[in-house]
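Presented below is the structure to which this report refers.
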Number of protein chains: 2
Amino acid sequence: MTLQYALLGFLNYGPMTGYDLKKLLDTSTQMFWHAELSQIYPQLKKMEKEGLVTVMCEPQAGKPDRKYYTITPHGRAVLLQWLSEPLDEVLPDKDPVLLHLFFAGALNKQVILSQLRLQLELRRAYLSRVEGEVAGFIQETIRVTGQKRDGLFWELIRRYGAEQTRTSIAWLEEAIQLIEKELS
Amino acid sequence: MTLQYALLGFLNYGPMTGYDLKKLLDTSTQMFWHAELSQIYPQLKKMEKEGLVTVMCEPQAGKPDRKYYTITPHGRAVLLQWLSEPLDEVLPDKDPVLLHLFFAGALNKQVILSQLRLQLELRRAYLSRVEGEVAGFIQETIRVTGQKRDGLFWELIRRYGAEQTRTSIAWLEEAIQLIEKELS
DNA sequence: CAAGGCATGTAAATCGTTACATGATTTA
DNA sequence: TAAATCATGTAACGATTTACATGCCTTG
């Protein structure tokens with residue numbers, strides 16, 4: 001169901017194909033939402049049947065037609081309805097890395113340390129991407145589209161990701177030190 | 001597949017029933033992993049067929065038998081194998097709250113602010129639970145079970161949750177101020 | 001006396017991933 | 001010339017949720 005709202009959210013900016021939507025999911029929301037084409041295409045079909053979007057085919061030579069989906073007034077109403085719902089969830093609920101760590105006591109010190117060091121590396125790399133590329137991409141998108149109001153939220157979310165990652169990094173550094181000292 | 005490792009991880013402490021495992025998932029790992037009984041029971045059955053666990057039935061009057069599952073040497077090997085794998089994931093990948101916020105530009109200022117204020121409230125409540133109840137529960141569990149080594153990881157994960165939540169809170173406070181000032 | 005805990009499950013539906021299929025064009 | 005991009009999809013499988021089913025015992 002949530003994927004539906006993600007698609008409606010993007011279609012609210014203008015008509016697009018499933019392929020276009022996939023690219024937007026990959027470049028804009030991949031840190032907190034994504035989907036495969038094999039999920040997107042059937043979802044769009046379902047949304048059309050429910051009157052949330054309409055389709056227009058643009059023939060192409062040698063390729064399948066581009067199928068442009070346009071959000072309907074009803075689709076827009078459904079999107080706004082969802083967006084207006086109170087944000088009453090507390091946390092994203094599955095994190096395999098933490099589950100891993102929860103049982104890590106069964107491993108020896110060196111294996112655990114190398115796992116944590118890999119995480120540290122990955123998160124540092126991620127942070128530098130968020131502070132570099134991602135920040136630039138958002139500014140560029142705001143410049144090109146003139147979406148200042150929406151851009152405020154994009155930038156806010158980017159900063160959230162950066163702050164969470166910084167916190168992870170600091171925690172990993174401490175955890176590594178602690179384990180080096182305290183664990184036998 | 002991950003649920004399997006969660007169950008093996010707990011069964012590695014000793015034989016248990018599906019019902020017991022559900023309670024452990026609810027009290028110990030609910031912040032980063034959980035499952036319903038309707039998923040746990042079939043999963044255990046499957047694990048038995050694969051030789052990861054064995055079952056022993058303890059008859060009860062008026063209730064279904066308690067079915068105790070015991071981890072096998074093979075099960076332990078499979079668990080250790082999984083635990084030893086490098087932690088190469090970067091982030092938990094779906095967060096409906098962020099997706100919501102990503103499209104929040106379509107809403108009016110007051111609705112957005114009340115949504116963010118609700119999030120702030122929820123995260124503050126969550127933090128106080130993590131710093132209170134949860135911390136106490138971990139200390140108590142370490143005291144009762146004598147699992148000092150494992151307890152180190154439980155406490156580390158708890159602190160991770162607390163730090164991430166503190167970061168969320170600070171970010172939400174800033175975001176609310178910014179939106180109050182900058183947004184029309 | 002109703003609600004919740006104990007203890008087991010099954011069935012149906014939804015959500016999501018991976019693999020497969022086509023076929024032209026562009027890039028390395 | 002191999003791989004990636006464009007553009008559509010289907011099929012099979014696996015993961016997860018929700019609803020249903022039983023029946024006793026304990027707590028409010």
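Naming scheme: A, B, ... for chains in displayed order of the structure tokens; residues 1 onward per chain; ligands 1 onward as shown.
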Give me, as a Markdown table, each residue of chain A that comes within 10 Å of chain C, together with its shortest interatomic pair and the distance in Å at one decimal, counting only C-alpha atoms (C1' of nucleotides), with rows ordered by chain and rising residue number.
| residue | atom | partner | partner_atom | distance |
| --- | --- | --- | --- | --- |
| A:Met1 | CA | C:DC15 | C1' | 8.4 |
| A:Thr2 | CA | C:DC15 | C1' | 9.9 |
| A:Leu3 | CA | C:DC15 | C1' | 9.7 |
| A:Ala35 | CA | C:DG16 | C1' | 8.1 |
| A:Glu36 | CA | C:DT17 | C1' | 8.1 |
| A:Ser38 | CA | C:DT17 | C1' | 9.0 |
| A:Gln39 | CA | C:DG16 | C1' | 7.5 |
| A:Ala61 | CA | C:DA24 | C1' | 8.3 |
| A:Gly62 | CA | C:DA24 | C1' | 5.2 |
| A:Lys63 | CA | C:DA24 | C1' | 6.4 |
| A:Pro64 | CA | C:DG23 | C1' | 9.2 |
Written selection (C-alpha atoms) as a PDB file, in the first residue's frame:
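This went into out-v9.pdb:
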ATOM      1  CA  MET A   1       0.000   0.000   0.000  1.00  0.00           C
ATOM      2  CA  THR A   2       2.794   2.417   0.849  1.00  0.00           C
ATOM      3  CA  LEU A   3       4.324   1.980  -2.589  1.00  0.00           C
ATOM      4  CA  ALA A  35      10.917  -0.919  -5.338  1.00  0.00           C
ATOM      5  CA  GLU A  36      11.643  -3.091  -8.332  1.00  0.00           C
ATOM      6  CA  SER A  38       8.327  -5.942 -11.292  1.00  0.00           C
ATOM      7  CA  GLN A  39       6.428  -4.429  -8.374  1.00  0.00           C
ATOM      8  CA  ALA A  61      10.087   2.603 -32.767  1.00  0.00           C
ATOM      9  CA  GLY A  62      11.729  -0.650 -31.706  1.00  0.00           C
ATOM     10  CA  LYS A  63      10.809  -0.240 -28.029  1.00  0.00           C
ATOM     11  CA  PRO A  64       7.584  -0.873 -26.126  1.00  0.00           C
TER      12      PRO A  64
END
Region 67-70 of chain B surroundings by only C-alpha atoms (C1' of nucleotides), 7 Å radius, close-in-sequence under 3 positions cut, as an NGL selection string = :B and (11 or 14-17 or 53-58)
Keeping N, CA and C atoms for every residue in the selection just given, could you write it to a file as a PDB file, in the first residue's frame?
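Output file part-v4.pdb follows:
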ATOM      1  N   LEU B  11      17.328 -19.905  20.631  1.00  0.00           N
ATOM      2  CA  LEU B  11      17.378 -21.324  21.006  1.00  0.00           C
ATOM      3  C   LEU B  11      18.792 -21.732  21.424  1.00  0.00           C
ATOM      4  N   GLY B  14      19.020 -22.105  25.023  1.00  0.00           N
ATOM      5  CA  GLY B  14      18.362 -23.255  25.649  1.00  0.00           C
ATOM      6  C   GLY B  14      17.066 -23.594  24.956  1.00  0.00           C
ATOM      7  N   PRO B  15      16.514 -24.797  25.201  1.00  0.00           N
ATOM      8  CA  PRO B  15      15.265 -25.240  24.577  1.00  0.00           C
ATOM      9  C   PRO B  15      14.100 -24.326  24.946  1.00  0.00           C
ATOM     10  N   MET B  16      13.213 -24.120  23.986  1.00  0.00           N
ATOM     11  CA  MET B  16      12.075 -23.231  24.178  1.00  0.00           C
ATOM     12  C   MET B  16      10.940 -23.605  23.241  1.00  0.00           C
ATOM     13  N   THR B  17       9.740 -23.125  23.561  1.00  0.00           N
ATOM     14  CA  THR B  17       8.587 -23.310  22.671  1.00  0.00           C
ATOM     15  C   THR B  17       8.439 -22.088  21.763  1.00  0.00           C
ATOM     16  N   VAL B  53      16.824 -27.972  14.340  1.00  0.00           N
ATOM     17  CA  VAL B  53      16.298 -28.112  15.706  1.00  0.00           C
ATOM     18  C   VAL B  53      15.616 -29.466  15.856  1.00  0.00           C
ATOM     19  N   THR B  54      15.422 -29.898  17.096  1.00  0.00           N
ATOM     20  CA  THR B  54      14.620 -31.090  17.379  1.00  0.00           C
ATOM     21  C   THR B  54      13.475 -30.692  18.307  1.00  0.00           C
ATOM     22  N   VAL B  55      12.424 -31.513  18.325  1.00  0.00           N
ATOM     23  CA  VAL B  55      11.257 -31.199  19.154  1.00  0.00           C
ATOM     24  C   VAL B  55      11.061 -32.240  20.230  1.00  0.00           C
ATOM     25  N   MET B  56      10.538 -31.784  21.374  1.00  0.00           N
ATOM     26  CA  MET B  56      10.066 -32.698  22.409  1.00  0.00           C
ATOM     27  C   MET B  56       8.750 -32.158  22.931  1.00  0.00           C
ATOM     28  N   CYS B  57       7.740 -33.023  22.975  1.00  0.00           N
ATOM     29  CA  CYS B  57       6.424 -32.584  23.430  1.00  0.00           C
ATOM     30  C   CYS B  57       6.261 -32.836  24.914  1.00  0.00           C
ATOM     31  N   GLU B  58       5.765 -31.814  25.606  1.00  0.00           N
ATOM     32  CA  GLU B  58       5.445 -31.964  27.019  1.00  0.00           C
ATOM     33  C   GLU B  58       3.933 -31.807  27.154  1.00  0.00           C
TER      34      GLU B  58
END
Between CA of Ala77 (chain A) and CA of Gln115 (chain B), what is the spacing in Å?
->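 Those two atoms sit 18.6 Å apart.
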I need the chain D residues near chain B as a JSON list (two decimals) with N, CA and C atoms (P, O5', C5', C4', C3', O3' and C1' of nucleotides), in the first residue's frame; criterion: at most 8 Å, counting only C-alpha atoms (C1' of nucleotides).
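Generated file (out_26.json):
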[["chain", "number", "residue", "atom", "x", "y", "z"],
["D", 16, "DT", "P", 10.36, -11.27, 6.96],
["D", 16, "DT", "O5'", 8.82, -10.91, 7.14],
["D", 16, "DT", "C5'", 8.26, -9.87, 6.33],
["D", 16, "DT", "C4'", 6.78, -9.75, 6.61],
["D", 16, "DT", "C3'", 6.34, -9.98, 8.05],
["D", 16, "DT", "O3'", 5.92, -8.72, 8.57],
["D", 16, "DT", "C1'", 4.84, -10.98, 6.47],
["D", 23, "DG", "P", -13.18, -27.14, 21.33],
["D", 23, "DG", "O5'", -12.55, -26.75, 22.72],
["D", 23, "DG", "C5'", -11.32, -27.37, 23.14],
["D", 23, "DG", "C4'", -10.80, -26.59, 24.31],
["D", 23, "DG", "C3'", -11.89, -26.06, 25.26],
["D", 23, "DG", "O3'", -11.50, -26.36, 26.57],
["D", 23, "DG", "C1'", -10.38, -24.40, 24.76],
["D", 24, "DC", "P", -12.56, -26.54, 27.76],
["D", 24, "DC", "O5'", -11.61, -26.67, 29.03],
["D", 24, "DC", "C5'", -10.30, -27.21, 28.89],
["D", 24, "DC", "C4'", -9.31, -26.26, 29.55],
["D", 24, "DC", "C3'", -9.78, -25.70, 30.90],
["D", 24, "DC", "O3'", -8.84, -26.04, 31.90],
["D", 24, "DC", "C1'", -8.89, -23.97, 29.53]]
Compile the residues of chain A that lie within 8 Å of chain B, evaluated using only C-alpha atoms, and express the compilation as an MDAnalysis selection string.
-> chainID A and resid 2 6 9 29:34 80 83:84 86:107 111:112 115:116 118:119 122:123 126 149:150 153:154 156:157 160 163:164 167:168 171 175 183
Would you mind exporting C-alpha atoms of the selected residues as an mmCIF file, in the first residue's frame?
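Ended up saving to selection_24.cif:
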data_model
loop_
_atom_site.group_PDB
_atom_site.id
_atom_site.type_symbol
_atom_site.label_atom_id
_atom_site.label_comp_id
_atom_site.auth_asym_id
_atom_site.auth_seq_id
_atom_site.Cartn_x
_atom_site.Cartn_y
_atom_site.Cartn_z
ATOM 1 C CA THR A 2 2.794 2.417 0.849
ATOM 2 C CA ALA A 6 5.123 6.850 -3.152
ATOM 3 C CA GLY A 9 3.544 11.405 -4.615
ATOM 4 C CA THR A 29 14.098 8.074 -1.978
ATOM 5 C CA GLN A 30 16.341 5.016 -2.116
ATOM 6 C CA MET A 31 17.515 5.616 1.475
ATOM 7 C CA PHE A 32 14.008 5.198 2.895
ATOM 8 C CA TRP A 33 11.903 3.663 0.093
ATOM 9 C CA HIS A 34 12.534 1.679 -3.072
ATOM 10 C CA LEU A 80 -3.506 14.152 0.359
ATOM 11 C CA LEU A 83 -0.185 12.652 3.746
ATOM 12 C CA SER A 84 -2.509 14.224 6.331
ATOM 13 C CA PRO A 86 -0.870 11.548 11.887
ATOM 14 C CA LEU A 87 2.700 10.233 11.958
ATOM 15 C CA ASP A 88 2.184 7.761 14.765
ATOM 16 C CA GLU A 89 4.956 5.260 14.027
ATOM 17 C CA VAL A 90 8.026 5.330 16.187
ATOM 18 C CA LEU A 91 10.826 3.579 14.378
ATOM 19 C CA PRO A 92 11.586 1.621 11.237
ATOM 20 C CA ASP A 93 11.090 -1.860 12.593
ATOM 21 C CA LYS A 94 13.671 -4.211 11.082
ATOM 22 C CA ASP A 95 17.423 -3.861 11.205
ATOM 23 C CA PRO A 96 19.371 -7.046 10.392
ATOM 24 C CA VAL A 97 22.636 -5.456 11.510
ATOM 25 C CA LEU A 98 21.325 -4.940 15.039
ATOM 26 C CA LEU A 99 19.896 -8.447 15.132
ATOM 27 C CA HIS A 100 23.291 -9.720 14.130
ATOM 28 C CA LEU A 101 24.969 -7.760 16.897
ATOM 29 C CA PHE A 102 22.400 -8.882 19.430
ATOM 30 C CA PHE A 103 23.764 -12.429 19.190
ATOM 31 C CA ALA A 104 27.372 -11.425 18.550
ATOM 32 C CA GLY A 105 28.421 -12.598 22.018
ATOM 33 C CA ALA A 106 28.764 -16.072 20.476
ATOM 34 C CA LEU A 107 31.603 -14.865 18.225
ATOM 35 C CA VAL A 111 35.495 -11.372 14.191
ATOM 36 C CA ILE A 112 33.211 -8.920 15.972
ATOM 37 C CA GLN A 115 32.467 -6.618 11.487
ATOM 38 C CA LEU A 116 32.147 -3.345 13.364
ATOM 39 C CA LEU A 118 33.402 -2.721 8.173
ATOM 40 C CA GLN A 119 30.202 -1.020 9.342
ATOM 41 C CA LEU A 122 30.449 1.826 5.144
ATOM 42 C CA ARG A 123 28.804 4.518 7.220
ATOM 43 C CA TYR A 126 27.652 6.879 3.173
ATOM 44 C CA ARG A 149 8.892 24.599 -0.627
ATOM 45 C CA ASP A 150 9.360 20.909 -1.374
ATOM 46 C CA PHE A 153 11.743 18.947 3.082
ATOM 47 C CA TRP A 154 14.199 17.164 0.841
ATOM 48 C CA LEU A 156 15.588 18.342 5.974
ATOM 49 C CA ILE A 157 15.436 14.621 5.252
ATOM 50 C CA TYR A 160 18.312 13.725 9.132
ATOM 51 C CA GLU A 163 22.853 13.254 11.565
ATOM 52 C CA GLN A 164 21.752 9.652 12.097
ATOM 53 C CA THR A 167 25.548 9.243 15.439
ATOM 54 C CA SER A 168 26.140 5.705 14.146
ATOM 55 C CA TRP A 171 28.643 4.952 18.462
ATOM 56 C CA ALA A 175 31.772 0.358 20.686
ATOM 57 C CA LEU A 183 36.031 -8.153 25.941
#
Mind checking DSSP for chain A and telling me the strand (DSSP E) residues as a ChimeraX atom specification?
-> /A:53-58,66-71
Residues flagged helix (DSSP H, G or I) by DSSP in chain A, as an MDAnalysis selection string | chainID A and resid 2:11 18:29 37:49 73:84 96:102 104:106 109:145 148:182
Atoms kept (C-alpha atoms) for selection, written as a CSV table (one decimal), in the first residue's frame:
chain,number,residue,atom,x,y,z
A,2,THR,CA,2.8,2.4,0.8
A,3,LEU,CA,4.3,2.0,-2.6
A,4,GLN,CA,1.1,3.3,-4.0
A,5,TYR,CA,1.5,6.6,-2.1
A,6,ALA,CA,5.1,6.8,-3.2
A,7,LEU,CA,4.0,6.6,-6.8
A,8,LEU,CA,1.2,9.0,-6.3
A,9,GLY,CA,3.5,11.4,-4.6
A,10,PHE,CA,5.8,11.5,-7.6
A,11,LEU,CA,3.0,11.5,-10.2
A,18,GLY,CA,6.8,3.3,-14.6
A,19,TYR,CA,10.4,3.4,-15.8
A,20,ASP,CA,10.7,7.0,-14.9
A,21,LEU,CA,9.2,6.3,-11.5
A,22,LYS,CA,11.8,3.6,-10.9
A,23,LYS,CA,14.6,6.1,-11.6
A,24,LEU,CA,13.1,8.6,-9.2
A,25,LEU,CA,12.8,6.0,-6.5
A,26,ASP,CA,16.5,5.1,-7.1
A,27,THR,CA,17.8,8.6,-7.0
A,28,SER,CA,15.5,10.4,-4.6
A,29,THR,CA,14.1,8.1,-2.0
A,37,LEU,CA,10.0,-2.6,-11.7
A,38,SER,CA,8.3,-5.9,-11.3
A,39,GLN,CA,6.4,-4.4,-8.4
A,40,ILE,CA,5.9,-1.0,-9.9
A,41,TYR,CA,4.2,-2.1,-13.2
A,42,PRO,CA,1.5,-4.2,-11.6
A,43,GLN,CA,0.9,-1.6,-8.9
A,44,LEU,CA,0.3,1.1,-11.6
A,45,LYS,CA,-2.1,-1.2,-13.4
A,46,LYS,CA,-4.0,-1.7,-10.2
A,47,MET,CA,-4.1,2.0,-9.6
A,48,GLU,CA,-5.5,2.6,-13.0
A,49,LYS,CA,-8.3,0.1,-12.4
A,73,PRO,CA,-8.4,14.3,-8.9
A,74,HIS,CA,-9.4,11.2,-7.0
A,75,GLY,CA,-5.8,10.1,-6.9
A,76,ARG,CA,-4.7,13.5,-5.6
A,77,ALA,CA,-7.4,13.3,-2.9
A,78,VAL,CA,-6.2,9.8,-1.8
A,79,LEU,CA,-2.6,11.1,-1.7
A,80,LEU,CA,-3.5,14.2,0.4
A,81,GLN,CA,-5.6,12.0,2.7
A,82,TRP,CA,-2.6,9.8,3.4
A,83,LEU,CA,-0.2,12.7,3.7
A,84,SER,CA,-2.5,14.2,6.3
A,96,PRO,CA,19.4,-7.0,10.4
A,97,VAL,CA,22.6,-5.5,11.5
A,98,LEU,CA,21.3,-4.9,15.0
A,99,LEU,CA,19.9,-8.4,15.1
A,100,HIS,CA,23.3,-9.7,14.1
A,101,LEU,CA,25.0,-7.8,16.9
A,102,PHE,CA,22.4,-8.9,19.4
A,104,ALA,CA,27.4,-11.4,18.5
A,105,GLY,CA,28.4,-12.6,22.0
A,106,ALA,CA,28.8,-16.1,20.5
A,109,LYS,CA,36.5,-10.7,19.7
A,110,GLN,CA,38.4,-10.4,16.4
A,111,VAL,CA,35.5,-11.4,14.2
A,112,ILE,CA,33.2,-8.9,16.0
A,113,LEU,CA,35.8,-6.1,15.7
A,114,SER,CA,36.2,-6.7,12.0
A,115,GLN,CA,32.5,-6.6,11.5
A,116,LEU,CA,32.1,-3.3,13.4
A,117,ARG,CA,35.1,-1.8,11.5
A,118,LEU,CA,33.4,-2.7,8.2
A,119,GLN,CA,30.2,-1.0,9.3
A,120,LEU,CA,32.2,2.0,10.3
A,121,GLU,CA,33.8,2.2,6.9
A,122,LEU,CA,30.4,1.8,5.1
A,123,ARG,CA,28.8,4.5,7.2
A,124,ARG,CA,31.7,6.9,6.7
A,125,ALA,CA,31.4,6.4,3.0
A,126,TYR,CA,27.7,6.9,3.2
A,127,LEU,CA,28.0,10.1,5.1
A,128,SER,CA,30.4,11.6,2.6
A,129,ARG,CA,28.0,10.7,-0.2
A,130,VAL,CA,25.1,12.4,1.7
A,131,GLU,CA,27.2,15.5,2.4
A,132,GLY,CA,28.5,15.6,-1.1
A,133,GLU,CA,26.6,14.1,-4.1
A,134,VAL,CA,23.2,14.0,-2.4
A,135,ALA,CA,23.4,17.6,-1.1
A,136,GLY,CA,24.4,18.8,-4.6
A,137,PHE,CA,21.7,16.8,-6.3
A,138,ILE,CA,19.0,18.3,-4.1
A,139,GLN,CA,20.3,21.9,-4.7
A,140,GLU,CA,20.4,21.2,-8.4
A,141,THR,CA,16.9,19.8,-8.4
A,142,ILE,CA,15.6,22.8,-6.5
A,143,ARG,CA,17.4,25.1,-9.0
A,144,VAL,CA,16.0,23.3,-12.1
A,145,THR,CA,12.5,22.7,-10.9
A,148,LYS,CA,11.6,25.7,-3.0
A,149,ARG,CA,8.9,24.6,-0.6
A,150,ASP,CA,9.4,20.9,-1.4
A,151,GLY,CA,13.1,21.4,-1.4
A,152,LEU,CA,13.0,22.4,2.2
A,153,PHE,CA,11.7,18.9,3.1
A,154,TRP,CA,14.2,17.2,0.8
A,155,GLU,CA,17.0,19.0,2.5
A,156,LEU,CA,15.6,18.3,6.0
A,157,ILE,CA,15.4,14.6,5.3
A,158,ARG,CA,19.0,14.7,3.9
A,159,ARG,CA,20.2,16.3,7.1
A,160,TYR,CA,18.3,13.7,9.1
A,161,GLY,CA,20.2,11.0,7.3
A,162,ALA,CA,23.5,12.7,7.8
A,163,GLU,CA,22.9,13.3,11.6
A,164,GLN,CA,21.8,9.7,12.1
A,165,THR,CA,24.8,8.5,10.3
A,166,ARG,CA,27.1,10.7,12.3
A,167,THR,CA,25.5,9.2,15.4
A,168,SER,CA,26.1,5.7,14.1
A,169,ILE,CA,29.8,6.5,13.4
A,170,ALA,CA,30.4,8.0,16.9
A,171,TRP,CA,28.6,5.0,18.5
A,172,LEU,CA,30.7,2.5,16.4
A,173,GLU,CA,33.9,4.2,17.4
A,174,GLU,CA,33.0,3.9,21.0
A,175,ALA,CA,31.8,0.4,20.7
A,176,ILE,CA,35.0,-0.7,19.0
A,177,GLN,CA,37.1,0.9,21.8
A,178,LEU,CA,34.9,-0.7,24.5
A,179,ILE,CA,35.1,-4.1,23.0
A,180,GLU,CA,38.9,-3.9,22.5
A,181,LYS,CA,39.3,-3.1,26.2
A,182,GLU,CA,36.5,-5.0,27.9
State, in Å with one decimal place, the distance from CA of Thr72 (chain B) to C1' of DA15 (chain D).
->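 Separating CA of Thr72 (chain B) from C1' of DA15 (chain D) is a distance of 24.6 Å.
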Correct to one decimal, the distance CA of Gln60 (chain B)-C1' of DT26 (chain D) is 16.3 Å
